[in-house]
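**Q** One structure coming up, written as C-alpha cells, with questions to follow.
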Amino acid sequence: MRREPILILGGTGDARRLAERLVADGLRVVTSLAGVTTDPVLPHGEVRRGGFGGVEGLTCYLRAEGIGAVIDATHPFAAQMSIQAYTACRMCNIPLYRLERPAWTRGAGDDWTEVASAEAAAAALPVRARALVTIGRKEIRPFFARPDVEGVARMIEPPAETVPPGWQVLLQRPPFTLAAERALIQARGITHLVTKNAGGAEMEAKLFAARQLAIPVIMIARPLKPEAICAADETTLIHLLLREHYS
Ligand code: NAP
C-alpha cells in the first residue's frame, strides 16, 4: 500500500467521517481546517489549521509534505478553496478527489425560490418577512440591512455585524431534529426559510419542517466547482481512492 499522506481539505462533517474511515484503513491522513471556527470538532488523524497562502502556498505545502492525493471535502459553498486545490494539484501532478454530497431537490408541496447569492436571497424576501436565515455568519449583512425584515439568524460563531433590533442570533451546531426545527419556526413566527443548498441529511430537517408548515424557502444555489474525481459519499470515494491511487 502507498504511504504518501492524503490531504483532506475539511471543515465539514463529511470530511471528519472520511478521515475517520481512512485512518481506520491504515492510511496517513492530514485534515486541513481553514481555522475560522474557534473550537472545531477535530477529525481523526493529523490536523493542520489556517490558510495555505493561495495556490502558491498550497503548491509548496503539497511538495514539502510529499502529499500523494488531495480530497476536497470542503463545504459545497467553499468555492475559492476548491479552485485553488484544482490548480495546485495540476501544478504538482497530484490526483484531486472531491466528496460532493448531492444537492437538495424540491419535493412535492415545496415552495422554493432559487437565487444565486446571499444578496439575492435577502432581496427576494417580501416586505415585513420574518426569516429564519441559516447561511452562516459571513454573508448575513444583506439580511440585517433590510429595515423591514426581522427574524432569526442561526450560525456557529457570532457575526461581526451588530445585530439589529428584531433579529435574534442563535449560536448552534447541527444536527437539528425535525421536531426542533418545527418548534423554532412556530415559536418565532417565521414566515420564510433562507438556506444554502448544502445538501446532506444532517441539515435537511429544516426543509422537512418548512414543507410541513407551508413555509416558503429561499434557496441559494451552489457555486460551480472545478473538475475532480467526484464521489457523492464516503464509501464510493474510498473505493475510488484505493482502486486508483492507494492500492
Ligand atoms: P473559501 O471561500 O473557499 O476559502 C477562502 C480561503 O480560506 C481560502 O483561499 C483558503 O485560504 C482558506 N481555506 C478554506 N478552506 C480551507 C481549508 N480546508 N484548509 C485551509 N485553508 C482553507 O472558504 P469559506 O467558504 O470561507 O469556508 C471556509 C471553511 O469553512 C472551509 O473549509 C469550508 O469547508 C468550511 N465551511 C464553509 C461553509 C460555507 O458556507 N462557505 C459552511 C460550512 C463550513 P488560503 O488562500 O490562504 O489557502
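To be explicit about the labels: the chains of the C-alpha cells are called A, B, and onward in the order shown, and within each one the residues are counted from 1, while ligands get numbers from 1 in the order they are shown.
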Fewer than 2 positions away in the same chain doesn't count, so skip those; otherwise give me all residues within 9 Å of Ala118 (chain A), counting only C-alpha atoms, as a PDB file with N, CA and C atoms, in the first residue's frame.
**A**
ATOM      1  N   VAL A 115     -32.095  31.280  -5.860  1.00  0.00           N
ATOM      2  CA  VAL A 115     -31.330  32.501  -6.136  1.00  0.00           C
ATOM      3  C   VAL A 115     -29.846  32.152  -6.164  1.00  0.00           C
ATOM      4  N   ALA A 116     -29.037  33.116  -6.636  1.00  0.00           N
ATOM      5  CA  ALA A 116     -27.622  32.809  -6.861  1.00  0.00           C
ATOM      6  C   ALA A 116     -26.699  33.301  -5.757  1.00  0.00           C
ATOM      7  N   ALA A 120     -29.032  38.234  -3.265  1.00  0.00           N
ATOM      8  CA  ALA A 120     -30.278  37.968  -3.998  1.00  0.00           C
ATOM      9  C   ALA A 120     -31.319  37.343  -3.062  1.00  0.00           C
ATOM     10  N   ALA A 121     -30.858  36.528  -2.117  1.00  0.00           N
ATOM     11  CA  ALA A 121     -31.793  35.900  -1.169  1.00  0.00           C
ATOM     12  C   ALA A 121     -32.435  36.960  -0.287  1.00  0.00           C
ATOM     13  N   ALA A 122     -31.637  37.897   0.198  1.00  0.00           N
ATOM     14  CA  ALA A 122     -32.184  38.965   1.048  1.00  0.00           C
ATOM     15  C   ALA A 122     -33.184  39.802   0.249  1.00  0.00           C
ATOM     16  N   ALA A 123     -32.846  40.065  -1.011  1.00  0.00           N
ATOM     17  CA  ALA A 123     -33.728  40.878  -1.851  1.00  0.00           C
ATOM     18  C   ALA A 123     -35.023  40.140  -2.176  1.00  0.00           C
ATOM     19  N   ILE A 135     -27.448  30.551   6.934  1.00  0.00           N
ATOM     20  CA  ILE A 135     -26.380  30.549   5.922  1.00  0.00           C
ATOM     21  C   ILE A 135     -25.016  30.870   6.523  1.00  0.00           C
ATOM     22  N   GLU A 139     -22.160  35.961   5.491  1.00  0.00           N
ATOM     23  CA  GLU A 139     -22.984  36.627   4.475  1.00  0.00           C
ATOM     24  C   GLU A 139     -24.310  37.131   5.047  1.00  0.00           C
ATOM     25  N   ILE A 140     -24.308  37.437   6.340  1.00  0.00           N
ATOM     26  CA  ILE A 140     -25.560  37.824   6.993  1.00  0.00           C
ATOM     27  C   ILE A 140     -25.898  39.307   6.760  1.00  0.00           C
ATOM     28  N   ARG A 141     -24.900  40.079   6.364  1.00  0.00           N
ATOM     29  CA  ARG A 141     -25.070  41.542   6.260  1.00  0.00           C
ATOM     30  C   ARG A 141     -26.303  41.979   5.453  1.00  0.00           C
ATOM     31  N   PRO A 142     -26.548  41.452   4.236  1.00  0.00           N
ATOM     32  CA  PRO A 142     -27.697  41.957   3.476  1.00  0.00           C
ATOM     33  C   PRO A 142     -29.048  41.712   4.159  1.00  0.00           C
ATOM     34  N   PHE A 143     -29.105  40.725   5.042  1.00  0.00           N
ATOM     35  CA  PHE A 143     -30.369  40.469   5.762  1.00  0.00           C
ATOM     36  C   PHE A 143     -30.539  41.502   6.877  1.00  0.00           C
ATOM     37  N   VAL A 194     -34.432  30.774   4.814  1.00  0.00           N
ATOM     38  CA  VAL A 194     -33.366  31.079   3.852  1.00  0.00           C
ATOM     39  C   VAL A 194     -32.215  30.113   4.112  1.00  0.00           C
ATOM     40  N   LYS A 196     -28.613  27.872   2.193  1.00  0.00           N
ATOM     41  CA  LYS A 196     -27.783  27.500   1.044  1.00  0.00           C
ATOM     42  C   LYS A 196     -28.120  26.054   0.691  1.00  0.00           C
ATOM     43  N   ILE A 220     -30.402  29.251  -1.854  1.00  0.00           N
ATOM     44  CA  ILE A 220     -29.235  29.788  -2.578  1.00  0.00           C
ATOM     45  C   ILE A 220     -28.546  28.625  -3.295  1.00  0.00           C
TER      46      ILE A 220
END
**Q** Give the residues close to ligand 1, within 7 Å, counting only C-alpha atoms and all ligand atoms; write them as a list in words.
**A**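 Written in the requested form, the residues are Leu9, Gly10, Gly11, Thr12, Ser32, Leu33, Ala34, Val36, Arg49, Gly50, Gly51, Phe52, Gly53, Gly54, Val55, Gly57, Leu58, Ala73, Thr74, His75, Phe77, Ala78, Ala79, Gln80, Met81, Ser82, Ile135 and Gly136 of chain A.
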**Q** If DSSP is run on the backbone, what residues of region 163-226 of chain A are alpha helix (DSSP H)? A reply as a PDB file with N, CA, C and O atoms, in the first residue's frame would be ideal.
**A**
ATOM      1  N   LEU A 178     -36.257  17.301  13.313  1.00  0.00           N
ATOM      2  CA  LEU A 178     -37.463  17.857  12.693  1.00  0.00           C
ATOM      3  C   LEU A 178     -38.330  18.535  13.751  1.00  0.00           C
ATOM      4  O   LEU A 178     -38.844  19.641  13.534  1.00  0.00           O
ATOM      5  N   ALA A 179     -38.474  17.883  14.907  1.00  0.00           N
ATOM      6  CA  ALA A 179     -39.318  18.459  15.970  1.00  0.00           C
ATOM      7  C   ALA A 179     -38.766  19.815  16.412  1.00  0.00           C
ATOM      8  O   ALA A 179     -39.530  20.785  16.601  1.00  0.00           O
ATOM      9  N   ALA A 180     -37.447  19.902  16.549  1.00  0.00           N
ATOM     10  CA  ALA A 180     -36.834  21.157  16.996  1.00  0.00           C
ATOM     11  C   ALA A 180     -36.983  22.248  15.927  1.00  0.00           C
ATOM     12  O   ALA A 180     -37.245  23.418  16.248  1.00  0.00           O
ATOM     13  N   GLU A 181     -36.846  21.870  14.662  1.00  0.00           N
ATOM     14  CA  GLU A 181     -36.976  22.851  13.577  1.00  0.00           C
ATOM     15  C   GLU A 181     -38.421  23.361  13.484  1.00  0.00           C
ATOM     16  O   GLU A 181     -38.653  24.563  13.310  1.00  0.00           O
ATOM     17  N   ARG A 182     -39.357  22.465  13.634  1.00  0.00           N
ATOM     18  CA  ARG A 182     -40.778  22.875  13.619  1.00  0.00           C
ATOM     19  C   ARG A 182     -41.065  23.827  14.782  1.00  0.00           C
ATOM     20  O   ARG A 182     -41.716  24.855  14.611  1.00  0.00           O
ATOM     21  N   ALA A 183     -40.557  23.448  15.954  1.00  0.00           N
ATOM     22  CA  ALA A 183     -40.811  24.260  17.157  1.00  0.00           C
ATOM     23  C   ALA A 183     -40.197  25.653  16.982  1.00  0.00           C
ATOM     24  O   ALA A 183     -40.822  26.662  17.344  1.00  0.00           O
ATOM     25  N   LEU A 184     -39.004  25.720  16.418  1.00  0.00           N
ATOM     26  CA  LEU A 184     -38.337  27.011  16.219  1.00  0.00           C
ATOM     27  C   LEU A 184     -39.160  27.889  15.264  1.00  0.00           C
ATOM     28  O   LEU A 184     -39.431  29.066  15.540  1.00  0.00           O
ATOM     29  N   ILE A 185     -39.572  27.323  14.154  1.00  0.00           N
ATOM     30  CA  ILE A 185     -40.346  28.080  13.151  1.00  0.00           C
ATOM     31  C   ILE A 185     -41.656  28.598  13.763  1.00  0.00           C
ATOM     32  O   ILE A 185     -42.027  29.762  13.588  1.00  0.00           O
ATOM     33  N   GLN A 186     -42.301  27.724  14.517  1.00  0.00           N
ATOM     34  CA  GLN A 186     -43.604  28.112  15.078  1.00  0.00           C
ATOM     35  C   GLN A 186     -43.448  29.120  16.220  1.00  0.00           C
ATOM     36  O   GLN A 186     -44.163  30.116  16.277  1.00  0.00           O
ATOM     37  N   ALA A 187     -42.466  28.876  17.094  1.00  0.00           N
ATOM     38  CA  ALA A 187     -42.304  29.751  18.269  1.00  0.00           C
ATOM     39  C   ALA A 187     -41.912  31.173  17.860  1.00  0.00           C
ATOM     40  O   ALA A 187     -42.306  32.136  18.513  1.00  0.00           O
ATOM     41  N   ALA A 205     -33.523  18.624   8.061  1.00  0.00           N
ATOM     42  CA  ALA A 205     -34.775  18.670   8.837  1.00  0.00           C
ATOM     43  C   ALA A 205     -35.491  20.007   8.657  1.00  0.00           C
ATOM     44  O   ALA A 205     -36.721  20.067   8.650  1.00  0.00           O
ATOM     45  N   LYS A 206     -34.730  21.098   8.475  1.00  0.00           N
ATOM     46  CA  LYS A 206     -35.376  22.402   8.319  1.00  0.00           C
ATOM     47  C   LYS A 206     -36.248  22.435   7.052  1.00  0.00           C
ATOM     48  O   LYS A 206     -37.293  23.099   7.027  1.00  0.00           O
ATOM     49  N   LEU A 207     -35.815  21.703   6.024  1.00  0.00           N
ATOM     50  CA  LEU A 207     -36.611  21.675   4.785  1.00  0.00           C
ATOM     51  C   LEU A 207     -37.898  20.868   4.981  1.00  0.00           C
ATOM     52  O   LEU A 207     -38.948  21.225   4.455  1.00  0.00           O
ATOM     53  N   PHE A 208     -37.787  19.776   5.751  1.00  0.00           N
ATOM     54  CA  PHE A 208     -39.000  18.989   6.035  1.00  0.00           C
ATOM     55  C   PHE A 208     -39.966  19.817   6.881  1.00  0.00           C
ATOM     56  O   PHE A 208     -41.179  19.788   6.662  1.00  0.00           O
ATOM     57  N   ALA A 209     -39.414  20.566   7.837  1.00  0.00           N
ATOM     58  CA  ALA A 209     -40.256  21.401   8.694  1.00  0.00           C
ATOM     59  C   ALA A 209     -40.946  22.475   7.851  1.00  0.00           C
ATOM     60  O   ALA A 209     -42.150  22.726   8.005  1.00  0.00           O
ATOM     61  N   ALA A 210     -40.193  23.105   6.944  1.00  0.00           N
ATOM     62  CA  ALA A 210     -40.773  24.144   6.080  1.00  0.00           C
ATOM     63  C   ALA A 210     -41.897  23.555   5.219  1.00  0.00           C
ATOM     64  O   ALA A 210     -42.949  24.166   5.039  1.00  0.00           O
ATOM     65  N   ARG A 211     -41.661  22.332   4.721  1.00  0.00           N
ATOM     66  CA  ARG A 211     -42.684  21.679   3.891  1.00  0.00           C
ATOM     67  C   ARG A 211     -43.951  21.423   4.708  1.00  0.00           C
ATOM     68  O   ARG A 211     -45.060  21.745   4.277  1.00  0.00           O
ATOM     69  N   GLN A 212     -43.771  20.875   5.905  1.00  0.00           N
ATOM     70  CA  GLN A 212     -44.936  20.548   6.739  1.00  0.00           C
ATOM     71  C   GLN A 212     -45.714  21.791   7.149  1.00  0.00           C
ATOM     72  O   GLN A 212     -46.930  21.759   7.274  1.00  0.00           O
TER      73      GLN A 212
END
**Q** When you look at Lys138 (chain A) with a cut-off of 12 Å (counting only C-alpha atoms), what residues show up, excluding the ones that are within fewer than 6 positions of it in the same chain? I need them as a list in words.
**A** Val36, Thr37, Phe77, Ala78, Ala118, Glu119, Phe144, Ala153, Arg154, Met155, Ile156, Glu157, Pro158, Pro159, Ala160 and Glu161 of chain A
**Q** Between A:Gly109, A:Pro165, A:Pro174, A:Pro5, which is the closest to Thr134 (chain A) once you count only C-alpha atoms?
**A**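 Checking each candidate against Thr134 (chain A), we get A:Pro174 as the closest.
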**Q** Contacts of Asp14 (chain A) at 12 Å or less, counting only C-alpha atoms, minus same-chain residues fewer than 3 places along, as a PyMOL selection string?
**A** chain A and resi 8-11+17-21+31+43+71-76+98-101+198-202+231-235+237
**Q** Using only C-alpha atoms, which of A:Leu7, A:Ala124, A:Leu132, A:Val217 sits nearest Glu46 (chain A)?
**A**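 Among the listed residues, the smallest separation from Glu46 (chain A) belongs to A:Leu7.
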**Q** For region 88-94 of chain A, find every residue with an atom within 7 Å (counting only C-alpha atoms), except residues of its own chain fewer than 2 positions away, and show them as an mmCIF file with N, CA, C and O atoms, in the first residue's frame.
**A**
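In the end it all went to result_2.cif:
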data_model
loop_
_atom_site.group_PDB
_atom_site.id
_atom_site.type_symbol
_atom_site.label_atom_id
_atom_site.label_comp_id
_atom_site.auth_asym_id
_atom_site.auth_seq_id
_atom_site.Cartn_x
_atom_site.Cartn_y
_atom_site.Cartn_z
ATOM 1 N N VAL A 55 -2.687 29.641 -4.062
ATOM 2 C CA VAL A 55 -2.222 28.481 -4.848
ATOM 3 C C VAL A 55 -0.732 28.238 -4.591
ATOM 4 O O VAL A 55 -0.288 27.089 -4.442
ATOM 5 N N LEU A 58 -0.231 26.543 -1.250
ATOM 6 C CA LEU A 58 -0.707 25.159 -1.267
ATOM 7 C C LEU A 58 0.257 24.279 -2.073
ATOM 8 O O LEU A 58 0.561 23.149 -1.686
ATOM 9 N N THR A 59 0.734 24.802 -3.182
ATOM 10 C CA THR A 59 1.681 24.052 -4.014
ATOM 11 C C THR A 59 2.940 23.722 -3.212
ATOM 12 O O THR A 59 3.415 22.574 -3.226
ATOM 13 N N GLY A 68 0.290 12.540 -1.483
ATOM 14 C CA GLY A 68 0.041 11.629 -2.598
ATOM 15 C C GLY A 68 -1.297 11.860 -3.282
ATOM 16 O O GLY A 68 -1.475 11.528 -4.453
ATOM 17 N N ALA A 69 -2.267 12.424 -2.569
ATOM 18 C CA ALA A 69 -3.588 12.712 -3.145
ATOM 19 C C ALA A 69 -4.271 13.756 -2.269
ATOM 20 O O ALA A 69 -4.027 13.819 -1.063
ATOM 21 N N GLN A 84 -8.525 26.691 -5.891
ATOM 22 C CA GLN A 84 -7.085 26.699 -5.596
ATOM 23 C C GLN A 84 -6.538 25.265 -5.524
ATOM 24 O O GLN A 84 -5.429 24.999 -5.986
ATOM 25 N N ALA A 85 -7.327 24.359 -4.972
ATOM 26 C CA ALA A 85 -6.889 22.959 -4.888
ATOM 27 C C ALA A 85 -6.729 22.368 -6.283
ATOM 28 O O ALA A 85 -5.764 21.651 -6.562
ATOM 29 N N TYR A 86 -7.657 22.702 -7.151
ATOM 30 C CA TYR A 86 -7.598 22.202 -8.528
ATOM 31 C C TYR A 86 -6.304 22.658 -9.204
ATOM 32 O O TYR A 86 -5.565 21.864 -9.799
ATOM 33 N N LEU A 96 -6.746 14.781 -7.639
ATOM 34 C CA LEU A 96 -7.686 15.544 -6.808
ATOM 35 C C LEU A 96 -9.033 14.830 -6.806
ATOM 36 O O LEU A 96 -9.636 14.621 -7.865
#
